[in-house]
$ cat data.cif   # mmCIF, C-alpha atoms
data_target
loop_
_atom_site.label_atom_id
_atom_site.label_comp_id
_atom_site.auth_asym_id
_atom_site.auth_seq_id
_atom_site.Cartn_x
_atom_site.Cartn_y
_atom_site.Cartn_z
CA MET A 271 -299.29 -13.44 137.55
CA SER A 272 -296.90 -16.27 138.36
CA ALA A 273 -293.42 -16.49 136.88
CA VAL A 274 -294.30 -19.68 134.99
CA ALA A 275 -297.48 -18.12 133.59
CA LYS A 276 -295.39 -15.26 132.18
CA LEU A 277 -292.99 -17.60 130.47
CA ASP A 278 -292.90 -18.28 126.77
CA LYS A 279 -294.50 -21.72 126.72
CA GLU A 280 -292.94 -22.39 123.33
CA MET A 281 -289.48 -22.40 124.85
CA PRO A 282 -287.66 -25.68 124.20
CA VAL A 283 -287.38 -27.92 127.25
CA LEU A 284 -285.16 -31.01 127.45
CA VAL A 285 -286.28 -33.87 129.71
CA VAL A 286 -283.50 -36.36 130.53
CA ASP A 287 -284.20 -39.71 132.23
CA ASP A 288 -283.25 -43.30 131.45
CA PHE A 289 -286.75 -44.50 132.45
CA SER A 290 -289.14 -43.77 129.60
CA THR A 291 -292.01 -43.81 132.11
CA MET A 292 -290.44 -40.93 134.00
CA ARG A 293 -289.83 -38.98 130.80
CA ARG A 294 -293.51 -39.35 129.93
CA ILE A 295 -294.58 -38.26 133.41
CA VAL A 296 -292.36 -35.20 133.48
CA LYS A 297 -293.36 -34.25 129.93
CA ASN A 298 -297.04 -34.64 130.79
CA CYS A 299 -296.61 -32.46 133.87
CA LEU A 300 -294.89 -29.80 131.78
CA LYS A 301 -297.69 -30.05 129.21
CA GLN A 302 -300.19 -29.46 131.99
CA LEU A 303 -298.29 -26.31 132.84
CA GLY A 304 -298.63 -25.23 129.23
CA PHE A 305 -295.22 -26.11 127.83
CA SER A 306 -295.45 -27.55 124.34
CA ASN A 307 -291.94 -27.61 122.91
CA LEU A 308 -290.72 -30.70 124.75
CA HIS A 309 -287.73 -32.85 123.88
CA GLU A 310 -286.29 -35.89 125.58
CA ALA A 311 -283.06 -37.86 126.01
CA ALA A 312 -282.52 -41.30 127.55
CA ASP A 313 -279.20 -40.47 129.22
CA GLY A 314 -276.73 -37.68 129.84
CA GLU A 315 -274.64 -38.48 126.80
CA ILE A 316 -277.58 -38.23 124.40
CA ALA A 317 -278.70 -35.08 126.21
CA TRP A 318 -275.27 -33.50 125.81
CA GLU A 319 -275.34 -34.20 122.06
CA LYS A 320 -278.80 -32.62 121.79
CA ILE A 321 -277.74 -29.57 123.81
CA GLN A 322 -274.90 -28.99 121.36
CA GLN A 323 -277.25 -29.32 118.39
CA GLN A 324 -280.20 -27.28 119.60
CA GLU A 325 -280.91 -24.42 121.96
CA PHE A 326 -282.77 -25.28 125.18
CA ALA A 327 -284.30 -22.90 127.69
CA LEU A 328 -284.68 -25.48 130.46
CA ILE A 329 -283.17 -28.87 131.27
CA VAL A 330 -284.99 -31.26 133.62
CA SER A 331 -282.70 -34.18 134.37
CA ASP A 332 -282.51 -37.37 136.41
CA TRP A 333 -279.29 -38.04 138.33
CA ASN A 334 -278.66 -41.74 137.98
CA MET A 335 -278.37 -42.71 134.33
CA PRO A 336 -276.09 -44.89 132.22
CA ASN A 337 -273.31 -43.47 130.02
CA LYS A 338 -273.37 -39.99 131.56
CA MET A 339 -274.90 -39.23 134.95
CA GLY A 340 -277.10 -36.20 135.46
CA ILE A 341 -274.49 -34.59 137.72
CA ASP A 342 -271.87 -34.92 134.97
CA LEU A 343 -274.28 -33.47 132.43
CA LEU A 344 -274.82 -30.54 134.80
CA ARG A 345 -271.08 -29.99 135.15
CA ASP A 346 -270.64 -30.08 131.36
CA VAL A 347 -273.46 -27.59 130.89
CA ARG A 348 -272.11 -25.21 133.52
CA ALA A 349 -268.57 -25.47 132.16
CA HIS A 350 -269.58 -24.39 128.66
CA ASP A 351 -269.89 -20.68 127.88
CA ASP A 352 -272.82 -21.21 125.52
CA TYR A 353 -274.94 -23.28 127.89
CA LYS A 354 -273.87 -22.26 131.37
CA ASP A 355 -276.95 -20.11 131.98
CA ILE A 356 -279.56 -22.73 131.04
CA PRO A 357 -281.77 -23.45 134.08
CA PHE A 358 -281.09 -27.02 135.21
CA LEU A 359 -283.62 -28.80 137.41
CA MET A 360 -282.54 -32.11 138.90
CA VAL A 361 -285.44 -34.56 139.44
CA THR A 362 -284.02 -37.60 141.15
CA ALA A 363 -284.38 -40.44 143.62
CA GLU A 364 -280.93 -39.56 144.97
CA ALA A 365 -281.98 -38.15 148.31
CA GLN A 366 -278.74 -37.97 150.27
CA LYS A 367 -277.57 -34.68 151.68
CA GLU A 368 -274.27 -35.22 149.87
CA ASN A 369 -276.10 -35.47 146.54
CA ILE A 370 -277.87 -32.17 147.07
CA LEU A 371 -274.68 -30.46 148.16
CA GLU A 372 -272.81 -31.90 145.19
CA ALA A 373 -275.53 -30.72 142.80
CA ALA A 374 -275.60 -27.28 144.42
CA LYS A 375 -271.84 -27.05 144.12
CA ALA A 376 -272.08 -28.01 140.45
CA GLY A 377 -274.58 -25.20 139.87
CA VAL A 378 -277.99 -26.89 139.85
CA SER A 379 -280.91 -24.45 139.63
CA ASN A 380 -283.11 -26.54 141.89
CA TYR A 381 -283.60 -30.10 143.08
CA ILE A 382 -286.68 -32.37 143.29
CA ILE A 383 -286.71 -35.71 145.08
CA LYS A 384 -288.84 -38.45 143.53
CA PRO A 385 -291.65 -39.21 143.97
CA PHE A 386 -292.87 -35.71 143.29
CA THR A 387 -296.13 -33.93 142.56
CA ALA A 388 -297.07 -31.58 139.74
CA ASP A 389 -297.48 -28.81 142.33
CA LEU A 390 -293.90 -29.29 143.50
CA LEU A 391 -292.66 -29.17 139.92
CA LEU A 392 -294.59 -25.94 139.43
CA GLN A 393 -293.17 -24.46 142.67
CA LYS A 394 -289.63 -25.26 141.62
CA LEU A 395 -290.13 -23.81 138.15
CA GLU A 396 -291.54 -20.69 139.78
CA LEU A 397 -288.41 -20.38 141.89
CA ILE A 398 -286.13 -20.95 138.93
CA PHE A 399 -287.84 -18.46 136.66
CA LYS A 400 -288.96 -15.77 139.07
CA ASN A 401 -285.80 -13.78 138.51
CA ARG A 402 -285.60 -14.45 134.84
CA VAL A 403 -288.94 -13.18 133.49
CA MET B 98 -266.94 -72.12 169.17
CA LYS B 99 -263.38 -72.61 168.03
CA GLY B 100 -262.12 -69.18 166.88
CA ILE B 101 -258.97 -67.14 166.44
CA LYS B 102 -256.81 -67.77 169.47
CA ASP B 103 -254.76 -65.21 171.37
CA GLY B 104 -251.10 -65.26 170.44
CA ASN B 105 -251.78 -66.23 166.87
CA GLU B 106 -250.66 -62.92 165.40
CA GLY B 107 -248.07 -64.71 163.31
CA ALA B 108 -250.71 -66.89 161.71
CA VAL B 109 -252.94 -63.87 161.10
CA GLN B 110 -250.05 -62.07 159.39
CA GLN B 111 -249.34 -65.19 157.35
CA LEU B 112 -252.99 -65.27 156.33
CA ILE B 113 -252.95 -61.61 155.29
CA ASP B 114 -249.68 -62.03 153.39
CA GLY B 115 -250.98 -65.19 151.77
CA LEU B 116 -254.17 -63.46 150.65
CA GLN B 117 -252.24 -60.45 149.36
CA ASN B 118 -249.77 -62.63 147.45
CA GLY B 119 -252.33 -65.14 146.26
CA ASP B 120 -250.37 -67.88 148.04
CA GLU B 121 -253.02 -70.55 148.55
CA HIS B 122 -250.72 -72.84 150.53
CA SER B 123 -249.91 -70.09 153.05
CA VAL B 124 -253.59 -69.22 153.38
CA THR B 125 -254.57 -72.84 154.03
CA THR B 126 -251.75 -73.32 156.54
CA ALA B 127 -252.64 -70.07 158.35
CA LEU B 128 -256.32 -70.97 158.47
CA LYS B 129 -255.48 -74.36 159.97
CA GLU B 130 -253.24 -72.74 162.56
CA LEU B 131 -256.02 -70.32 163.46
CA GLY B 132 -258.44 -73.18 163.91
CA LEU B 133 -260.50 -72.17 160.89
CA GLU B 134 -260.46 -75.54 159.20
CA SER B 135 -263.33 -76.81 157.13
CA ASN B 136 -264.70 -78.68 160.13
CA SER B 137 -264.72 -75.56 162.34
CA ASP B 138 -267.84 -73.96 163.77
CA LEU B 139 -267.22 -70.81 161.76
CA TYR B 140 -267.09 -72.80 158.56
CA GLN B 141 -270.30 -74.55 159.52
CA GLN B 142 -272.05 -71.28 160.29
CA VAL B 143 -271.00 -69.63 157.05
CA GLY B 144 -272.11 -72.77 155.25
CA GLU B 145 -275.48 -72.64 156.95
CA MET B 146 -275.88 -68.98 156.02
CA ALA B 147 -275.07 -69.76 152.40
CA ARG B 148 -277.50 -72.67 152.42
CA SER B 149 -280.20 -70.55 154.04
CA LEU B 150 -279.76 -67.83 151.45
CA HIS B 151 -279.75 -70.37 148.67
CA GLU B 152 -282.99 -71.92 149.94
CA SER B 153 -284.59 -68.49 150.39
CA LEU B 154 -283.79 -67.70 146.78
CA ALA B 155 -285.22 -71.05 145.72
CA GLU B 156 -288.40 -70.46 147.73
CA PHE B 157 -288.70 -66.96 146.36
CA GLN B 158 -288.48 -68.16 142.81
CA SER B 159 -290.89 -71.02 143.47
CA SER B 160 -293.48 -68.56 144.74
CA LEU B 161 -293.13 -66.52 141.59
CA SER B 162 -292.97 -69.42 139.20
CA PRO B 163 -294.50 -72.73 140.35
CA GLU B 164 -293.05 -74.71 137.45
CA SER B 165 -289.52 -73.97 138.66
CA ILE B 166 -290.00 -76.36 141.61
CA THR B 167 -288.86 -79.11 139.26
CA MET B 168 -285.47 -77.46 138.78
CA GLU B 169 -282.48 -79.56 139.70
CA SER B 170 -281.34 -78.87 143.21
CA THR B 171 -277.80 -78.24 141.97
CA ASN B 172 -278.95 -75.08 140.16
CA ILE B 173 -278.98 -71.87 142.07
CA PRO B 174 -282.34 -70.43 141.04
CA ASP B 175 -282.23 -67.30 138.98
CA ALA B 176 -284.15 -65.04 141.33
CA ALA B 177 -282.46 -61.99 139.85
CA SER B 178 -283.99 -62.61 136.45
CA LYS B 179 -287.39 -63.04 138.10
CA LEU B 180 -286.99 -59.67 139.75
CA GLU B 181 -286.09 -58.23 136.36
CA GLU B 182 -289.41 -59.69 135.15
CA VAL B 183 -291.18 -57.86 137.97
CA ILE B 184 -289.52 -54.64 136.83
CA ALA B 185 -290.59 -55.33 133.23
CA MET B 186 -294.19 -56.08 134.30
CA THR B 187 -294.51 -52.92 136.39
CA PHE B 188 -292.95 -50.96 133.54
CA GLN B 189 -295.56 -52.34 131.15
CA SER B 190 -298.42 -51.61 133.57
CA ALA B 191 -297.19 -48.11 134.26
CA ASN B 192 -296.99 -47.40 130.54
CA THR B 193 -300.52 -48.71 129.99
CA VAL B 194 -301.78 -46.36 132.71
CA LEU B 195 -299.81 -43.49 131.17
CA SER B 196 -301.30 -44.18 127.73
CA MET B 197 -304.82 -44.26 129.18
CA SER B 198 -304.13 -41.09 131.10
CA GLU B 199 -302.86 -39.33 127.98
CA ASN B 200 -305.95 -40.48 126.05
CA GLU B 201 -308.16 -39.13 128.81
CA GLU B 202 -306.43 -35.78 128.65
CA LYS B 203 -307.22 -35.64 124.94
CA LEU B 204 -310.89 -36.37 125.73
CA PHE B 205 -310.95 -33.59 128.32
CA GLN B 206 -309.53 -31.22 125.74
CA GLU B 207 -312.23 -32.25 123.25
CA MET B 208 -314.97 -31.81 125.86
CA GLU B 209 -313.65 -28.38 126.76
CA GLN B 210 -313.37 -27.37 123.13
CA GLU B 211 -316.94 -28.48 122.36
CA LEU B 212 -318.23 -26.66 125.41
CA GLU B 213 -316.48 -23.47 124.29
CA GLU B 214 -317.87 -23.86 120.76
CA VAL B 215 -321.43 -24.17 122.06
CA LYS B 216 -320.90 -21.17 124.32
CA GLY B 217 -319.54 -19.20 121.37
CA VAL B 218 -322.61 -19.98 119.27
CA LEU B 219 -325.04 -19.12 122.07
CA ASP B 220 -323.20 -15.93 123.02
CA ALA B 221 -323.41 -14.76 119.40
CA GLU B 222 -327.15 -15.48 119.20
CA ALA B 223 -329.07 -12.45 120.43
CA THR B 224 -332.52 -14.05 120.27
CA ILE B 225 -331.92 -16.67 122.96
CA PRO B 226 -334.09 -15.95 126.00
CA LEU B 227 -332.28 -14.76 129.11
CA LYS B 228 -333.61 -17.68 131.15
CA VAL B 229 -332.11 -20.21 128.73
CA MET B 230 -328.78 -18.37 128.76
CA THR B 231 -328.78 -18.36 132.55
CA VAL B 232 -329.36 -22.11 132.63
CA PHE B 233 -326.63 -22.65 130.04
CA ASN B 234 -324.15 -20.43 131.83
CA ASP B 235 -324.78 -22.37 135.01
CA TYR B 236 -324.26 -25.64 133.11
CA TYR B 237 -321.13 -24.22 131.46
CA ALA B 238 -319.57 -23.28 134.81
CA LYS B 239 -320.35 -26.68 136.32
CA GLU B 240 -318.95 -28.53 133.32
CA LYS B 241 -315.76 -26.47 133.37
CA ALA B 242 -315.30 -27.23 137.06
CA LEU B 243 -316.01 -30.91 136.45
CA ILE B 244 -313.46 -31.11 133.64
CA ALA B 245 -310.89 -29.32 135.80
CA ASN B 246 -311.56 -31.79 138.61
CA CYS B 247 -311.23 -34.80 136.27
CA ARG B 248 -308.04 -33.33 134.88
CA GLU B 249 -306.61 -32.95 138.37
CA CYS B 250 -307.46 -36.59 139.21
CA ASN B 251 -305.98 -37.71 135.93
CA GLN B 252 -302.79 -35.85 136.68
CA GLN B 253 -302.53 -37.52 140.07
CA ILE B 254 -302.94 -40.92 138.41
CA LEU B 255 -300.23 -40.02 135.94
CA ILE B 256 -297.80 -38.71 138.57
CA SER B 257 -298.35 -41.73 140.81
CA GLN B 258 -296.82 -43.91 138.08
CA ASN B 259 -293.40 -42.66 139.04
CA PHE B 260 -293.42 -45.54 141.54
CA GLN B 261 -292.24 -47.63 138.59
CA ASP B 262 -288.93 -45.84 138.41
CA LEU B 263 -288.41 -45.95 142.18
CA SER B 264 -289.49 -49.58 142.59
CA GLY B 265 -287.29 -50.55 139.65
CA GLN B 266 -284.29 -48.90 141.27
CA SER B 267 -285.07 -50.49 144.65
CA ILE B 268 -285.47 -53.96 143.16
CA ARG B 269 -282.16 -53.59 141.33
CA LYS B 270 -280.50 -52.68 144.61
CA VAL B 271 -281.95 -55.88 146.13
CA ILE B 272 -280.70 -57.92 143.16
CA LYS B 273 -277.23 -56.46 143.61
CA LEU B 274 -277.27 -57.02 147.37
CA VAL B 275 -278.54 -60.62 147.23
CA THR B 276 -276.29 -61.77 144.43
CA GLY B 277 -273.32 -60.00 146.03
CA LEU B 278 -273.99 -61.57 149.41
CA GLU B 279 -274.37 -65.02 147.92
CA GLU B 280 -271.17 -64.61 145.93
CA LYS B 281 -269.27 -63.50 149.03
CA LEU B 282 -270.57 -66.38 151.17
CA ILE B 283 -269.64 -68.94 148.56
CA SER B 284 -266.22 -67.33 148.13
CA LEU B 285 -265.74 -67.54 151.88
CA LEU B 286 -266.66 -71.21 151.87
CA ARG B 287 -264.21 -71.85 149.07
CA LEU B 288 -261.41 -70.45 151.17
CA PHE B 289 -261.77 -73.57 153.31
CA ARG B 290 -261.78 -76.17 150.62
CA GLU B 291 -260.50 -77.04 147.17
CA PRO B 292 -262.99 -76.20 144.37
CA LYS B 293 -264.44 -79.18 142.58
CA ASP B 294 -264.26 -79.64 138.83
CA GLY B 295 -267.01 -77.89 136.93
CA GLU B 296 -267.93 -75.61 139.80
CA THR B 297 -269.49 -72.42 138.54
CA THR B 298 -269.58 -68.95 139.99
CA ILE B 299 -272.73 -67.20 141.11
CA HIS B 300 -272.36 -64.72 138.27
CA GLU B 301 -272.26 -67.62 135.81
CA LEU B 302 -275.41 -69.03 137.34
CA HIS B 303 -277.31 -65.77 137.52
CA GLY B 304 -275.94 -64.19 134.40
CA GLU B 305 -273.39 -61.39 134.31
CA ASP B 306 -276.04 -58.75 133.69
CA ALA B 307 -278.22 -59.68 136.62
CA CYS B 308 -277.22 -56.71 138.69
CA SER B 309 -275.27 -54.64 136.21
CA LYS B 310 -278.05 -52.06 136.10
CA ALA B 311 -278.30 -51.75 139.85
CA ASP B 312 -277.92 -48.14 140.85
CA GLN B 313 -275.30 -46.81 143.14
CA SER B 314 -277.21 -45.15 145.93
CA SER B 315 -278.00 -46.58 149.33
CA GLY B 316 -281.20 -46.20 151.28
CA ASP B 317 -279.45 -44.84 154.36
CA GLY B 318 -279.71 -41.17 155.08
CA ARG B 319 -282.36 -40.64 152.43
CA LEU B 320 -283.93 -37.22 152.79
CA GLN B 321 -287.51 -36.13 152.30
CA GLN B 322 -288.30 -33.23 149.96
CA ASP B 323 -288.76 -30.92 152.98
CA ASP B 324 -285.25 -31.71 154.24
CA ALA B 325 -283.89 -31.22 150.77
CA ASP B 326 -285.71 -27.89 150.52
CA SER B 327 -284.24 -26.87 153.86
CA ILE B 328 -280.72 -27.61 152.64
CA LEU B 329 -281.42 -25.83 149.39
CA LYS B 330 -282.75 -22.86 151.33
CA ASP B 331 -279.57 -22.76 153.39
CA LEU B 332 -277.66 -22.79 150.15
CA GLY B 333 -279.65 -19.83 148.91
CA PHE B 334 -282.09 -21.59 146.56
#
$ encode --input "data.cif" --output "structure tokens"
Amino acid sequence: MSAVAKLDKEMPVLVVDDFSTMRRIVKNCLKQLGFSNLHEAADGEIAWEKIQQQEFALIVSDWNMPNKMGIDLLRDVRAHDDYKDIPFLMVTAEAQKENILEAAKAGVSNYIIKPFTADLLLQKLELIFKNRV
Amino acid sequence: MKGIKDGNEGAVQQLIDGLQNGDEHSVTTALKELGLESNSDLYQQVGEMARSLHESLAEFQSSLSPESITMESTNIPDAASKLEEVIAMTFQSANTVLSMSENEEKLFQEMEQELEEVKGVLDAEATIPLKVMTVFNDYYAKEKALIANCRECNQQILISQNFQDLSGQSIRKVIKLVTGLEEKLISLLRLFREPKDGETTIHELHGEDACSKADQSSGDGRLQQDDADSILKDLGF
């Protein structure tokens, strides 16, 4: 059985993107994978507020957003004792080597370049969760 | 072409100092000494570039909005706002497709649920002839496969809407580039002459927000997912 299939599909997932279309797409993909407890935030700042108010088991975030960029959200998450272990998947159009290295340095769990497919999202989630289930 | 002459280092330094100190007189004097007066070839070429860009923007807007042909020639057409309209239209279309796709998913769920209900009833009924059950089971398997296939197609339709995000970001980069280039060309032209009363900046003409949402990445060096995966693999992901 795959790592994702073994996961608790009720676990709260936070989807962060300034484009509402992208939030809908990512949420729909996660629904297809069976996840039902989905939350969203339109930028890193709103996401950070939500993270402090509610427990999340996975964060899927865009990079380039107003107010607080995805990379800054990642750094905040990793710097906080209570949230540092939350899996953080970056889904972004930022496709420079430097971006990936920067995200890796900041502690990203994995990285998806837009446009992406549902299969790729599944693969990345498998990689993230294979050592956690 | 009349350009910067050898042995004019003093004038170049004067130009740099003048620019740094905001000393317009020094800048003008240095430019004259360097042969970069308003009647120079360089000035003419920059002017032509600015005019060409201006006319391209005008043509672009005309093609998007025929009624704008009647605009006064003194207005720099607001191509940036037209591009914002394109972003808004694609956003609207993408959301319509997403709504339809979500509705379809609900229909697939209903179809699947009904199919399971019928199967449940038939499985619980012991008196149904074996031949009928065989036909139904065959139908059930085909329907399940069909629904799965439709669901897969629907998911592809849904995922393909992420073009809206990418095209929006690309268009905003173009808006930033075009308005920035135009601004720089006009600024360059103004170095050669005194501004006239009532002259407005490009930002005033296009609106301050025209490119404020433009993102910060460049297209150069953009990696594919495979390259990204390779880097991630090297990093131990």
$ closest_atom_pairs --input "data.cif" --of "chain A" --to "chain B" --cutoff "10 Å" --atoms "all atoms listed in the file" --output "CSV"
residue,atom,partner,partner_atom,distance
A:Asp287,CA,B:Asp262,CA,9.9
A:Asp288,CA,B:Asp262,CA,9.3
A:Phe289,CA,B:Asp262,CA,6.5
A:Ser290,CA,B:Asn192,CA,8.7
A:Thr291,CA,B:Asn192,CA,6.3
A:Met292,CA,B:Asn259,CA,6.1
A:Arg293,CA,B:Asn259,CA,9.7
A:Arg294,CA,B:Leu195,CA,7.6
A:Ile295,CA,B:Ile256,CA,6.1
A:Val296,CA,B:Ile256,CA,8.2
A:Asn298,CA,B:Glu199,CA,8.0
A:Cys299,CA,B:Gln252,CA,7.6
A:Gln302,CA,B:Gln252,CA,8.3
A:Asn334,CA,B:Asp312,CA,7.1
A:Met335,CA,B:Asp312,CA,8.5
A:Pro336,CA,B:Lys310,CA,8.4
A:Thr362,CA,B:Leu263,CA,9.5
A:Ala363,CA,B:Leu263,CA,7.0
A:Glu364,CA,B:Ser314,CA,6.8
A:Ala365,CA,B:Arg319,CA,4.8
A:Gln366,CA,B:Arg319,CA,5.0
A:Lys367,CA,B:Leu320,CA,6.9
A:Glu368,CA,B:Gly318,CA,9.6
A:Asn369,CA,B:Ser314,CA,9.8
A:Ile370,CA,B:Ala325,CA,7.1
A:Leu371,CA,B:Ile328,CA,8.0
A:Ala374,CA,B:Leu332,CA,7.6
A:Lys375,CA,B:Leu332,CA,9.4
A:Val378,CA,B:Phe334,CA,9.5
A:Ser379,CA,B:Phe334,CA,7.6
A:Asn380,CA,B:Phe334,CA,6.9
A:Tyr381,CA,B:Ala325,CA,7.8
A:Ile382,CA,B:Gln322,CA,6.9
A:Ile383,CA,B:Gln322,CA,5.7
A:Lys384,CA,B:Leu263,CA,7.6
A:Pro385,CA,B:Asn259,CA,6.3
A:Phe386,CA,B:Ile256,CA,7.5
A:Thr387,CA,B:Ile256,CA,6.4
A:Ala388,CA,B:Ile256,CA,7.3
A:Leu390,CA,B:Gln322,CA,9.4
A:Lys394,CA,B:Phe334,CA,9.7
A:Leu397,CA,B:Phe334,CA,8.0
A:Ile398,CA,B:Phe334,CA,8.7
$ closest_residue --input "data.cif" --among "B:Ile254, B:Leu212, B:Ala223, B:Leu282" --to "Tyr236 (chain B)" --atoms "all atoms listed in the file"
B:Leu212
$ atom_distance --input "data.cif" --atom1 "CA of Ala349 (chain A)" --atom2 "CA of Gln324 (chain A)"
17.2 Å
$ atom_distance --input "data.cif" --atom1 "CA of Pro357 (chain A)" --atom2 "CA of Ser264 (chain B)"
28.5 Å
$ resolve_selection --input "data.cif" --expression "the PyMOL selection byres ((chain A and resi 309-316) around 8)" --output "list of chain:residue names"
A:Pro282, A:Val283, A:Leu284, A:Val285, A:Val286, A:Asp287, A:Asp288, A:Phe289, A:Ser290, A:Arg293, A:Asn307, A:Leu308, A:Ala317, A:Trp318, A:Glu319, A:Lys320, A:Met335, A:Pro336, A:Asn337, A:Lys338, A:Met339, A:Gly340, A:Asp342, A:Leu343
$ atom_distance --input "data.cif" --atom1 "CA of Ile321 (chain A)" --atom2 "CA of Lys400 (chain A)"
23.4 Å
$ residues_around --input "data.cif" --residues "Val330 (chain A)" --least-positions-apart "3" --cutoff "6 Å" --atoms "all atoms listed in the file" --output "list in words"
Val285, Phe358, Leu359 and Met360 of chain A
$ axis_aligned_box --input "data.cif" --around "region 225-233 of chain B" --padding-each-side "6 Å" --output "AutoDock Vina command-line options"
--center_x -330.4 --center_y -18.7 --center_z 127.8 --size_x 19.5 --size_y 19.9 --size_z 21.7
$ residues_around --input "data.cif" --residues "region 213-221 of chain B" --least-positions-apart "5" --cutoff "10 Å" --atoms "only C-alpha atoms" --output "NGL selection string"
:B and (207-208 or 229-230 or 233-234 or 237 or 241)
$ residues_around --input "data.cif" --residues "Gly377 (chain A)" --least-positions-apart "5" --cutoff "8 Å" --atoms "all atoms listed in the file" --output "PDB file with C-alpha atoms, keeping the file's coordinate frame"
ATOM      1  CA  LEU A 344    -274.820 -30.540 134.800  1.00  0.00           C
ATOM      2  CA  ARG A 345    -271.080 -29.990 135.150  1.00  0.00           C
ATOM      3  CA  ARG A 348    -272.110 -25.210 133.520  1.00  0.00           C
TER       4      ARG A 348
END
$ build_atoms --input "data.cif" --residues "region 206-223 of chain B" --atoms "N, CA and C atoms" --output "JSON list (two decimals), in the coordinates of the input"
[["chain", "number", "residue", "atom", "x", "y", "z"],
["B", 206, "GLN", "N", -309.75, -32.36, 126.64],
["B", 206, "GLN", "CA", -309.53, -31.22, 125.74],
["B", 206, "GLN", "C", -310.68, -31.09, 124.75],
["B", 207, "GLU", "N", -311.12, -32.25, 124.21],
["B", 207, "GLU", "CA", -312.23, -32.25, 123.25],
["B", 207, "GLU", "C", -313.50, -31.73, 123.91],
["B", 208, "MET", "N", -313.77, -32.24, 125.13],
["B", 208, "MET", "CA", -314.97, -31.81, 125.86],
["B", 208, "MET", "C", -314.95, -30.30, 126.09],
["B", 209, "GLU", "N", -313.79, -29.81, 126.49],
["B", 209, "GLU", "CA", -313.65, -28.38, 126.76],
["B", 209, "GLU", "C", -313.85, -27.56, 125.49],
["B", 210, "GLN", "N", -313.27, -28.07, 124.41],
["B", 210, "GLN", "CA", -313.37, -27.37, 123.13],
["B", 210, "GLN", "C", -314.83, -27.31, 122.66],
["B", 211, "GLU", "N", -315.53, -28.43, 122.78],
["B", 211, "GLU", "CA", -316.94, -28.48, 122.36],
["B", 211, "GLU", "C", -317.79, -27.53, 123.20],
["B", 212, "LEU", "N", -317.49, -27.54, 124.50],
["B", 212, "LEU", "CA", -318.23, -26.66, 125.41],
["B", 212, "LEU", "C", -318.04, -25.19, 125.01],
["B", 213, "GLU", "N", -316.78, -24.85, 124.69],
["B", 213, "GLU", "CA", -316.48, -23.47, 124.29],
["B", 213, "GLU", "C", -317.16, -23.13, 122.97],
["B", 214, "GLU", "N", -317.22, -24.10, 122.06],
["B", 214, "GLU", "CA", -317.87, -23.86, 120.76],
["B", 214, "GLU", "C", -319.36, -23.56, 120.96],
["B", 215, "VAL", "N", -320.00, -24.38, 121.80],
["B", 215, "VAL", "CA", -321.43, -24.17, 122.06],
["B", 215, "VAL", "C", -321.64, -22.80, 122.71],
["B", 216, "LYS", "N", -320.79, -22.48, 123.65],
["B", 216, "LYS", "CA", -320.90, -21.17, 124.32],
["B", 216, "LYS", "C", -320.75, -20.02, 123.31],
["B", 217, "GLY", "N", -319.78, -20.21, 122.40],
["B", 217, "GLY", "CA", -319.54, -19.20, 121.37],
["B", 217, "GLY", "C", -320.77, -18.96, 120.51],
["B", 218, "VAL", "N", -321.40, -20.08, 120.12],
["B", 218, "VAL", "CA", -322.61, -19.98, 119.27],
["B", 218, "VAL", "C", -323.73, -19.28, 120.04],
["B", 219, "LEU", "N", -323.95, -19.70, 121.28],
["B", 219, "LEU", "CA", -325.04, -19.12, 122.07],
["B", 219, "LEU", "C", -324.79, -17.65, 122.40],
["B", 220, "ASP", "N", -323.51, -17.33, 122.71],
["B", 220, "ASP", "CA", -323.20, -15.93, 123.02],
["B", 220, "ASP", "C", -323.44, -15.02, 121.82],
["B", 221, "ALA", "N", -323.24, -15.57, 120.62],
["B", 221, "ALA", "CA", -323.41, -14.76, 119.40],
["B", 221, "ALA", "C", -324.87, -14.63, 118.99],
["B", 222, "GLU", "N", -325.73, -15.48, 119.57],
["B", 222, "GLU", "CA", -327.15, -15.48, 119.20],
["B", 222, "GLU", "C", -327.93, -14.56, 120.15],
["B", 223, "ALA", "N", -328.41, -13.46, 119.59],
["B", 223, "ALA", "CA", -329.07, -12.45, 120.43],
["B", 223, "ALA", "C", -330.51, -12.83, 120.80]]
